[in-house]
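Let me begin by presenting the structure, written as structure tokens, before commenting on it.
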Amino acid sequence: METENSTAAGRDFSERLLNWYDSKRRILPWREDPSPYHVWLSEIMLQQTRVETVISYYQRFLFVLPDLEHFAAAEEHVYMKLWEGLGYYSRIRNFHKAAVQVVEEYDGKVPSDPAVLKKLPGIGPYTAAAIASIAYGVRAVSVDGNLLRIFTRLTRCGGDIREKETRKAAEDYFLERMQERPGDFNQALMDIGAAICLPGKAADCSRCPLSVYCLAHEAGEETDYPAVFQKAARRVVPLTVLRIRIGEKLCLNRRPDQGLLAGLYELPNVEGNLTTEEVRAYLEHTGAAGLIEQIEPLPDGKHVFTHLEWHMKGYEIRLKDSPQTAAYAAASGWSVVDSEALRKDFSVPAAFSAFLALD
């Protein structure tokens, strides 16, 4: 139950935070026109991606798909190509499914209720609160890693920020202090977490408008929060990537519709780090006997996912430009594409960029 003193303290907290935001906020394109579609798009792009990277993608995406109706009606290859390079491709697929659902079930109007938003594909509590608060002014707290770091320092909370109890405590703490302008309140915390209340010794408490409330700062213990808990080690997967060329064209394989990088195009690959001789034997076993002109090693590559790492050896493979090779490629299920088609129509994840960049 709120008391008069707690309400006054919350009002002071809110006023200080919003005054700082009004003078110091980051100027970002989605903030200048915070329509529900713009906020939603920006939040989906910002998941796992830095703001500096997102800006150009956001502007390009809106140039081609300026509103929710255009996006919902777009063909997969269009929005997947616009997303290429942002990674975590399930984000854009879920976003499109949700856009179609909003058009079909809500007449194209994005819901304002966080509970309804969370029922849409790809929208969790953080994104639902961001859309509701920024686009509609709904009083809801966007709890992410930055906000949790701020919370643990303000309160000297030693809980594991991955646990539901800690997230709920953070939500309650900030909701009590969210007196007005919920969207700006959330975005102010986002800016503080992104530029001031940084991890470890990078924290710049002298610039923080909330330092007067911060128990960790008062105790000189900023670097002790959030508490560190051991993470599970990533699984390492050795992979051999085959950059197969037929004349001036490149062979691409489409990944399965389920699982990691579902439905995207990739360079053909096989688990394990193979030698040149093993690559030749593998290709001949799959039907390329007599078609191989050249096999040359490429520089090694590495790509880190959330829970695993690909450690990759690469090979440049030249096959004869012949009807027999075309039949082999077709039987392998490959798309044989030129550089223009690769650039415009085929979405290849960044995991393979080290090998494509060698062109």
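Letters A, B, ... mark the chains of the structure tokens in the order given; residue numbers begin at 1 per chain; ligand numbers begin at 1, in order shown.
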Among range 204-313 of chain A, which residues does DSSP mark as helix (DSSP H, G or I) when it is run on the backbone? Keep the chain and numbering as in the structure and answer as an mmCIF file with N, CA and C atoms, in the first residue's frame.
data_model
loop_
_atom_site.group_PDB
_atom_site.id
_atom_site.type_symbol
_atom_site.label_atom_id
_atom_site.label_comp_id
_atom_site.auth_asym_id
_atom_site.auth_seq_id
_atom_site.Cartn_x
_atom_site.Cartn_y
_atom_site.Cartn_z
ATOM 1 N N CYS A 205 28.790 7.306 -12.678
ATOM 2 C CA CYS A 205 27.801 7.769 -11.704
ATOM 3 C C CYS A 205 27.730 9.292 -11.606
ATOM 4 N N SER A 206 28.803 9.974 -11.977
ATOM 5 C CA SER A 206 28.802 11.437 -11.884
ATOM 6 C C SER A 206 27.802 12.062 -12.842
ATOM 7 N N ARG A 207 27.399 11.335 -13.876
ATOM 8 C CA ARG A 207 26.448 11.856 -14.856
ATOM 9 C C ARG A 207 25.029 11.345 -14.636
ATOM 10 N N SER A 211 21.692 9.006 -9.165
ATOM 11 C CA SER A 211 22.731 8.647 -8.198
ATOM 12 C C SER A 211 22.342 9.011 -6.769
ATOM 13 N N VAL A 212 21.495 10.021 -6.610
ATOM 14 C CA VAL A 212 21.076 10.430 -5.254
ATOM 15 C C VAL A 212 20.197 9.372 -4.597
ATOM 16 N N TYR A 213 19.632 8.454 -5.386
ATOM 17 C CA TYR A 213 18.796 7.393 -4.841
ATOM 18 C C TYR A 213 19.537 6.056 -4.776
ATOM 19 N N LEU A 215 21.715 3.152 -3.700
ATOM 20 C CA LEU A 215 22.332 2.608 -2.493
ATOM 21 C C LEU A 215 23.707 2.024 -2.778
ATOM 22 N N ALA A 216 23.892 1.425 -3.955
ATOM 23 C CA ALA A 216 25.204 0.892 -4.305
ATOM 24 C C ALA A 216 26.219 2.015 -4.460
ATOM 25 N N HIS A 217 25.804 3.133 -5.062
ATOM 26 C CA HIS A 217 26.696 4.291 -5.200
ATOM 27 C C HIS A 217 27.044 4.864 -3.833
ATOM 28 N N GLU A 218 26.069 4.956 -2.977
ATOM 29 C CA GLU A 218 26.302 5.489 -1.634
ATOM 30 C C GLU A 218 27.314 4.644 -0.880
ATOM 31 N N GLU A 222 29.193 -0.005 -6.634
ATOM 32 C CA GLU A 222 28.539 -0.089 -7.941
ATOM 33 C C GLU A 222 28.967 -1.320 -8.730
ATOM 34 N N THR A 223 30.265 -1.655 -8.666
ATOM 35 C CA THR A 223 30.768 -2.765 -9.472
ATOM 36 C C THR A 223 30.338 -4.129 -8.939
ATOM 37 N N ASP A 224 29.740 -4.168 -7.753
ATOM 38 C CA ASP A 224 29.280 -5.434 -7.178
ATOM 39 C C ASP A 224 27.905 -5.853 -7.700
ATOM 40 N N THR A 276 41.284 -31.289 -46.804
ATOM 41 C CA THR A 276 41.011 -31.182 -48.240
ATOM 42 C C THR A 276 40.647 -32.539 -48.824
ATOM 43 N N GLU A 277 41.374 -33.560 -48.425
ATOM 44 C CA GLU A 277 41.103 -34.899 -48.937
ATOM 45 C C GLU A 277 39.729 -35.391 -48.492
ATOM 46 N N GLU A 278 39.353 -35.076 -47.257
ATOM 47 C CA GLU A 278 38.049 -35.491 -46.749
ATOM 48 C C GLU A 278 36.914 -34.743 -47.457
ATOM 49 N N VAL A 279 37.146 -33.469 -47.798
ATOM 50 C CA VAL A 279 36.148 -32.711 -48.550
ATOM 51 C C VAL A 279 35.946 -33.339 -49.925
ATOM 52 N N ARG A 280 37.044 -33.679 -50.597
ATOM 53 C CA ARG A 280 36.946 -34.315 -51.920
ATOM 54 C C ARG A 280 36.171 -35.633 -51.817
ATOM 55 N N ALA A 281 36.498 -36.438 -50.803
ATOM 56 C CA ALA A 281 35.820 -37.722 -50.641
ATOM 57 C C ALA A 281 34.332 -37.515 -50.367
ATOM 58 N N TYR A 282 34.002 -36.499 -49.569
ATOM 59 C CA TYR A 282 32.601 -36.206 -49.254
ATOM 60 C C TYR A 282 31.841 -35.815 -50.519
ATOM 61 N N LEU A 283 32.419 -34.924 -51.326
ATOM 62 C CA LEU A 283 31.753 -34.485 -52.549
ATOM 63 C C LEU A 283 31.581 -35.633 -53.534
ATOM 64 N N GLU A 284 32.606 -36.443 -53.672
ATOM 65 C CA GLU A 284 32.507 -37.571 -54.598
ATOM 66 C C GLU A 284 31.450 -38.559 -54.132
ATOM 67 N N HIS A 285 31.362 -38.758 -52.826
ATOM 68 C CA HIS A 285 30.353 -39.666 -52.276
ATOM 69 C C HIS A 285 28.939 -39.163 -52.542
ATOM 70 N N THR A 286 28.771 -37.823 -52.601
ATOM 71 C CA THR A 286 27.431 -37.260 -52.837
ATOM 72 C C THR A 286 27.109 -37.098 -54.319
ATOM 73 N N GLY A 287 28.027 -37.507 -55.202
ATOM 74 C CA GLY A 287 27.704 -37.507 -56.620
ATOM 75 C C GLY A 287 28.548 -36.607 -57.489
ATOM 76 N N ALA A 288 29.610 -35.978 -56.930
ATOM 77 C CA ALA A 288 30.403 -35.026 -57.703
ATOM 78 C C ALA A 288 31.654 -35.642 -58.314
#
For this session: as a PyMOL selection string, list the residues of range 140-315 of chain A assigned to strand (DSSP E or B) by DSSP on the backbone atoms of this structure.
Result: chain A and resi 235-246+249-254+265-266+269-271+292-304+308-315
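Around range 48-62 of chain A, within 9 Å and counting only C-alpha atoms, the residues found are Leu28, Pro29, Trp30, His38, Leu41, Ser42, Asp67, Tyr79, Leu82, Trp83, Leu86, Gly87 and Tyr88 of chain A, once anything fewer than 5 positions away on its own chain is removed.
Considering only C-alpha atoms, the residue among A:Met80, A:Leu356, A:Leu189, A:Leu291 positioned nearest to Leu267 in chain A is A:Leu356.
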For this session: Would you kindly return, as a PyMOL selection string, each protein, DNA or RNA residue with an atom no farther than 12 Å from any atom of Gly137 in chain A, considering only C-alpha atoms and excluding same-chain residues fewer than 3 positions away?
Result: chain A and resi 34-36+112-114+129-134+140-141+178-186
Exercise. From the list A:Ile292, A:Val348, A:Val241, A:His303, which residue is nearest Ser322 in chain A when using only C-alpha atoms?
Worked result: A:Ile292
Exercise. What gap, in Å, lies between CA of Pro121 in chain A and CA of Ala98 in chain A?
Worked result: 5.3 Å
For this session: Extract, using only C-alpha atoms, all DNA, RNA and protein residues at most 9 Å from range 245-256 of chain A, discarding same-chain residues fewer than 4 positions from it, and format them as a PyMOL selection string.
Result: chain A and resi 260-269+316-322+325-326+329+332-339+342+346+348
With N, CA and C atoms retained, export the selected residues as a PDB file, in the first residue's frame.
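Generated output (again_24.pdb):
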ATOM      1  N   LEU A 260      17.576 -23.787 -35.822  1.00  0.00           N
ATOM      2  CA  LEU A 260      18.495 -22.660 -35.929  1.00  0.00           C
ATOM      3  C   LEU A 260      18.523 -22.107 -37.351  1.00  0.00           C
ATOM      4  N   LEU A 261      18.380 -20.784 -37.494  1.00  0.00           N
ATOM      5  CA  LEU A 261      18.409 -20.103 -38.798  1.00  0.00           C
ATOM      6  C   LEU A 261      17.412 -20.714 -39.776  1.00  0.00           C
ATOM      7  N   ALA A 262      16.236 -21.037 -39.260  1.00  0.00           N
ATOM      8  CA  ALA A 262      15.232 -21.770 -40.036  1.00  0.00           C
ATOM      9  C   ALA A 262      14.877 -21.062 -41.338  1.00  0.00           C
ATOM     10  N   GLY A 263      14.898 -21.831 -42.436  1.00  0.00           N
ATOM     11  CA  GLY A 263      14.438 -21.348 -43.723  1.00  0.00           C
ATOM     12  C   GLY A 263      15.361 -20.393 -44.450  1.00  0.00           C
ATOM     13  N   LEU A 264      16.522 -20.081 -43.881  1.00  0.00           N
ATOM     14  CA  LEU A 264      17.452 -19.169 -44.547  1.00  0.00           C
ATOM     15  C   LEU A 264      18.370 -19.936 -45.500  1.00  0.00           C
ATOM     16  N   TYR A 265      19.002 -19.176 -46.387  1.00  0.00           N
ATOM     17  CA  TYR A 265      19.956 -19.783 -47.315  1.00  0.00           C
ATOM     18  C   TYR A 265      21.351 -19.749 -46.706  1.00  0.00           C
ATOM     19  N   GLU A 266      22.127 -20.765 -47.017  1.00  0.00           N
ATOM     20  CA  GLU A 266      23.466 -20.901 -46.454  1.00  0.00           C
ATOM     21  C   GLU A 266      24.404 -21.472 -47.500  1.00  0.00           C
ATOM     22  N   LEU A 267      25.685 -21.360 -47.235  1.00  0.00           N
ATOM     23  CA  LEU A 267      26.654 -22.118 -48.019  1.00  0.00           C
ATOM     24  C   LEU A 267      26.575 -23.574 -47.574  1.00  0.00           C
ATOM     25  N   PRO A 268      26.633 -24.526 -48.500  1.00  0.00           N
ATOM     26  CA  PRO A 268      26.598 -25.931 -48.095  1.00  0.00           C
ATOM     27  C   PRO A 268      27.674 -26.212 -47.050  1.00  0.00           C
ATOM     28  N   ASN A 269      27.354 -27.068 -46.107  1.00  0.00           N
ATOM     29  CA  ASN A 269      28.300 -27.323 -45.028  1.00  0.00           C
ATOM     30  C   ASN A 269      28.067 -28.706 -44.452  1.00  0.00           C
ATOM     31  N   GLU A 316      37.085 -23.253 -50.919  1.00  0.00           N
ATOM     32  CA  GLU A 316      36.598 -22.793 -52.221  1.00  0.00           C
ATOM     33  C   GLU A 316      36.647 -23.993 -53.160  1.00  0.00           C
ATOM     34  N   ILE A 317      35.482 -24.310 -53.763  1.00  0.00           N
ATOM     35  CA  ILE A 317      35.382 -25.484 -54.623  1.00  0.00           C
ATOM     36  C   ILE A 317      34.873 -25.049 -55.987  1.00  0.00           C
ATOM     37  N   ARG A 318      35.606 -25.404 -57.023  1.00  0.00           N
ATOM     38  CA  ARG A 318      35.200 -25.124 -58.399  1.00  0.00           C
ATOM     39  C   ARG A 318      34.727 -26.413 -59.051  1.00  0.00           C
ATOM     40  N   LEU A 319      33.506 -26.383 -59.547  1.00  0.00           N
ATOM     41  CA  LEU A 319      32.975 -27.520 -60.286  1.00  0.00           C
ATOM     42  C   LEU A 319      32.892 -27.183 -61.771  1.00  0.00           C
ATOM     43  N   LYS A 320      32.973 -28.193 -62.602  1.00  0.00           N
ATOM     44  CA  LYS A 320      32.850 -27.986 -64.045  1.00  0.00           C
ATOM     45  C   LYS A 320      31.493 -27.374 -64.374  1.00  0.00           C
ATOM     46  N   ASP A 321      31.489 -26.451 -65.305  1.00  0.00           N
ATOM     47  CA  ASP A 321      30.231 -25.840 -65.763  1.00  0.00           C
ATOM     48  C   ASP A 321      29.668 -26.720 -66.866  1.00  0.00           C
ATOM     49  N   SER A 322      28.838 -27.698 -66.481  1.00  0.00           N
ATOM     50  CA  SER A 322      28.371 -28.690 -67.444  1.00  0.00           C
ATOM     51  C   SER A 322      26.963 -29.136 -67.073  1.00  0.00           C
ATOM     52  N   THR A 325      26.963 -31.251 -63.956  1.00  0.00           N
ATOM     53  CA  THR A 325      27.077 -30.497 -62.711  1.00  0.00           C
ATOM     54  C   THR A 325      25.747 -29.851 -62.342  1.00  0.00           C
ATOM     55  N   ALA A 326      25.036 -29.339 -63.345  1.00  0.00           N
ATOM     56  CA  ALA A 326      23.720 -28.755 -63.081  1.00  0.00           C
ATOM     57  C   ALA A 326      22.782 -29.805 -62.499  1.00  0.00           C
ATOM     58  N   ALA A 329      23.815 -30.400 -58.869  1.00  0.00           N
ATOM     59  CA  ALA A 329      23.365 -29.311 -57.998  1.00  0.00           C
ATOM     60  C   ALA A 329      21.867 -29.419 -57.719  1.00  0.00           C
ATOM     61  N   SER A 332      21.138 -32.106 -55.296  1.00  0.00           N
ATOM     62  CA  SER A 332      21.562 -31.719 -53.954  1.00  0.00           C
ATOM     63  C   SER A 332      20.615 -30.718 -53.309  1.00  0.00           C
ATOM     64  N   GLY A 333      19.657 -30.195 -54.115  1.00  0.00           N
ATOM     65  CA  GLY A 333      18.708 -29.227 -53.590  1.00  0.00           C
ATOM     66  C   GLY A 333      19.249 -27.817 -53.513  1.00  0.00           C
ATOM     67  N   TRP A 334      20.323 -27.523 -54.250  1.00  0.00           N
ATOM     68  CA  TRP A 334      20.944 -26.200 -54.180  1.00  0.00           C
ATOM     69  C   TRP A 334      20.292 -25.227 -55.149  1.00  0.00           C
ATOM     70  N   SER A 335      20.329 -23.960 -54.779  1.00  0.00           N
ATOM     71  CA  SER A 335      20.030 -22.866 -55.700  1.00  0.00           C
ATOM     72  C   SER A 335      21.359 -22.357 -56.233  1.00  0.00           C
ATOM     73  N   VAL A 336      21.477 -22.229 -57.544  1.00  0.00           N
ATOM     74  CA  VAL A 336      22.715 -21.745 -58.170  1.00  0.00           C
ATOM     75  C   VAL A 336      22.453 -20.317 -58.617  1.00  0.00           C
ATOM     76  N   VAL A 337      23.107 -19.339 -57.964  1.00  0.00           N
ATOM     77  CA  VAL A 337      22.732 -17.936 -58.127  1.00  0.00           C
ATOM     78  C   VAL A 337      23.932 -17.085 -58.531  1.00  0.00           C
ATOM     79  N   ASP A 338      23.645 -16.024 -59.267  1.00  0.00           N
ATOM     80  CA  ASP A 338      24.703 -15.064 -59.589  1.00  0.00           C
ATOM     81  C   ASP A 338      24.781 -14.003 -58.493  1.00  0.00           C
ATOM     82  N   SER A 339      25.769 -13.123 -58.592  1.00  0.00           N
ATOM     83  CA  SER A 339      26.012 -12.146 -57.530  1.00  0.00           C
ATOM     84  C   SER A 339      24.857 -11.168 -57.363  1.00  0.00           C
ATOM     85  N   LEU A 342      22.105 -12.964 -55.462  1.00  0.00           N
ATOM     86  CA  LEU A 342      22.544 -13.107 -54.074  1.00  0.00           C
ATOM     87  C   LEU A 342      22.332 -11.810 -53.305  1.00  0.00           C
ATOM     88  N   PHE A 346      18.349 -13.303 -51.949  1.00  0.00           N
ATOM     89  CA  PHE A 346      18.629 -14.436 -51.074  1.00  0.00           C
ATOM     90  C   PHE A 346      19.198 -13.943 -49.742  1.00  0.00           C
ATOM     91  N   VAL A 348      21.202 -14.617 -46.650  1.00  0.00           N
ATOM     92  CA  VAL A 348      22.221 -15.501 -46.092  1.00  0.00           C
ATOM     93  C   VAL A 348      22.625 -14.941 -44.740  1.00  0.00           C
TER      94      VAL A 348
END
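Of the residues under consideration (A:Tyr173, A:Val143, A:Leu65, A:Ala188), A:Ala188 shows the shortest atom-to-atom contact distance to Asn19 in chain A when counting only C-alpha atoms.
Between CA of Glu15 in chain A and CA of Arg156 in chain A the separation is 22.4 Å.
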For this session: Can you work out the spacing between CA of Glu163 in chain A and CA of Cys197 in chain A in Å, to one decimal?
Result: 20.8 Å
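Every protein or nucleic acid residue with an atom no more than 12 Å from Gly124 in chain A, counting only C-alpha atoms and leaving out same-chain residues fewer than 5 positions away, appears here: Trp40, Glu43, Ile44, Gln47, Arg91, Asn94, Phe95, Pro114, Ala115, Val116, Leu117, Lys118, Lys119, Ala129, Ala130, Ile131, Ser142, Val143 and Asp144 of chain A.
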I need the chosen residues saved as an mmCIF file, in the first residue's frame, with N, CA and C atoms.
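Contents of selection25.cif, as written:
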data_model
loop_
_atom_site.group_PDB
_atom_site.id
_atom_site.type_symbol
_atom_site.label_atom_id
_atom_site.label_comp_id
_atom_site.auth_asym_id
_atom_site.auth_seq_id
_atom_site.Cartn_x
_atom_site.Cartn_y
_atom_site.Cartn_z
ATOM 1 N N TRP A 40 7.075 -0.706 -32.425
ATOM 2 C CA TRP A 40 7.155 -2.173 -32.510
ATOM 3 C C TRP A 40 8.344 -2.600 -33.355
ATOM 4 N N GLU A 43 11.674 -1.903 -31.562
ATOM 5 C CA GLU A 43 11.935 -2.788 -30.434
ATOM 6 C C GLU A 43 12.323 -4.185 -30.894
ATOM 7 N N ILE A 44 11.697 -4.685 -31.954
ATOM 8 C CA ILE A 44 12.074 -5.999 -32.472
ATOM 9 C C ILE A 44 13.497 -5.951 -33.028
ATOM 10 N N GLN A 47 16.343 -5.894 -30.250
ATOM 11 C CA GLN A 47 16.640 -7.101 -29.499
ATOM 12 C C GLN A 47 17.939 -7.701 -30.024
ATOM 13 N N ARG A 91 12.960 -13.523 -35.124
ATOM 14 C CA ARG A 91 12.333 -12.241 -34.747
ATOM 15 C C ARG A 91 11.480 -11.688 -35.882
ATOM 16 N N ASN A 94 8.382 -13.978 -36.694
ATOM 17 C CA ASN A 94 7.304 -13.803 -35.710
ATOM 18 C C ASN A 94 6.649 -12.432 -35.852
ATOM 19 N N PHE A 95 7.453 -11.416 -36.136
ATOM 20 C CA PHE A 95 6.924 -10.072 -36.325
ATOM 21 C C PHE A 95 5.927 -10.061 -37.484
ATOM 22 N N PRO A 114 -0.974 -4.354 -22.783
ATOM 23 C CA PRO A 114 0.183 -5.259 -22.773
ATOM 24 C C PRO A 114 -0.202 -6.726 -22.708
ATOM 25 N N ALA A 115 -1.279 -7.049 -22.003
ATOM 26 C CA ALA A 115 -1.701 -8.449 -21.897
ATOM 27 C C ALA A 115 -2.127 -9.000 -23.249
ATOM 28 N N VAL A 116 -2.759 -8.179 -24.072
ATOM 29 C CA VAL A 116 -3.156 -8.594 -25.414
ATOM 30 C C VAL A 116 -1.931 -8.666 -26.321
ATOM 31 N N LEU A 117 -1.059 -7.694 -26.221
ATOM 32 C CA LEU A 117 0.150 -7.682 -27.045
ATOM 33 C C LEU A 117 0.999 -8.932 -26.814
ATOM 34 N N LYS A 118 1.069 -9.392 -25.564
ATOM 35 C CA LYS A 118 1.895 -10.562 -25.250
ATOM 36 C C LYS A 118 1.373 -11.844 -25.875
ATOM 37 N N LYS A 119 0.151 -11.830 -26.341
ATOM 38 C CA LYS A 119 -0.405 -13.007 -27.007
ATOM 39 C C LYS A 119 -0.003 -13.093 -28.475
ATOM 40 N N ALA A 129 5.347 -3.985 -23.031
ATOM 41 C CA ALA A 129 5.349 -2.779 -22.202
ATOM 42 C C ALA A 129 5.901 -1.585 -22.970
ATOM 43 N N ALA A 130 6.907 -1.816 -23.805
ATOM 44 C CA ALA A 130 7.487 -0.717 -24.587
ATOM 45 C C ALA A 130 6.464 -0.153 -25.568
ATOM 46 N N ILE A 131 5.785 -1.027 -26.319
ATOM 47 C CA ILE A 131 4.787 -0.562 -27.284
ATOM 48 C C ILE A 131 3.652 0.164 -26.569
ATOM 49 N N SER A 142 9.099 -1.515 -18.891
ATOM 50 C CA SER A 142 9.850 -2.360 -19.830
ATOM 51 C C SER A 142 11.102 -2.887 -19.138
ATOM 52 N N VAL A 143 11.023 -4.100 -18.645
ATOM 53 C CA VAL A 143 12.126 -4.677 -17.877
ATOM 54 C C VAL A 143 13.069 -5.437 -18.808
ATOM 55 N N ASP A 144 14.279 -4.898 -18.985
ATOM 56 C CA ASP A 144 15.322 -5.589 -19.751
ATOM 57 C C ASP A 144 16.600 -5.611 -18.935
#
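For Phe229 in chain A, the set of protein, DNA and RNA residues having any atom at most 10 Å away, when counting only C-alpha atoms and skipping those fewer than 2 positions along the same chain, is Gly159, Asp160, Ile161, Arg162, Pro226, Ala227, Lys231 and Ala232 of chain A.
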For this session: Tell me which of A:Gly10, A:Gly301, A:Gly272, A:Gly85 sits closest to Asp172 in chain A, counting only C-alpha atoms.
Result: A:Gly10
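Of the residues under consideration (A:Gly314, A:Gly200, A:Pro323, A:Gly145), A:Gly314 shows the shortest atom-to-atom contact distance to Leu242 in chain A when counting only C-alpha atoms.
Remark: for Phe71 in chain A, the closest of the candidate residues A:Val270, A:Ile92, A:Ala99, A:Asp22 is A:Ala99 (distances computed over only C-alpha atoms).
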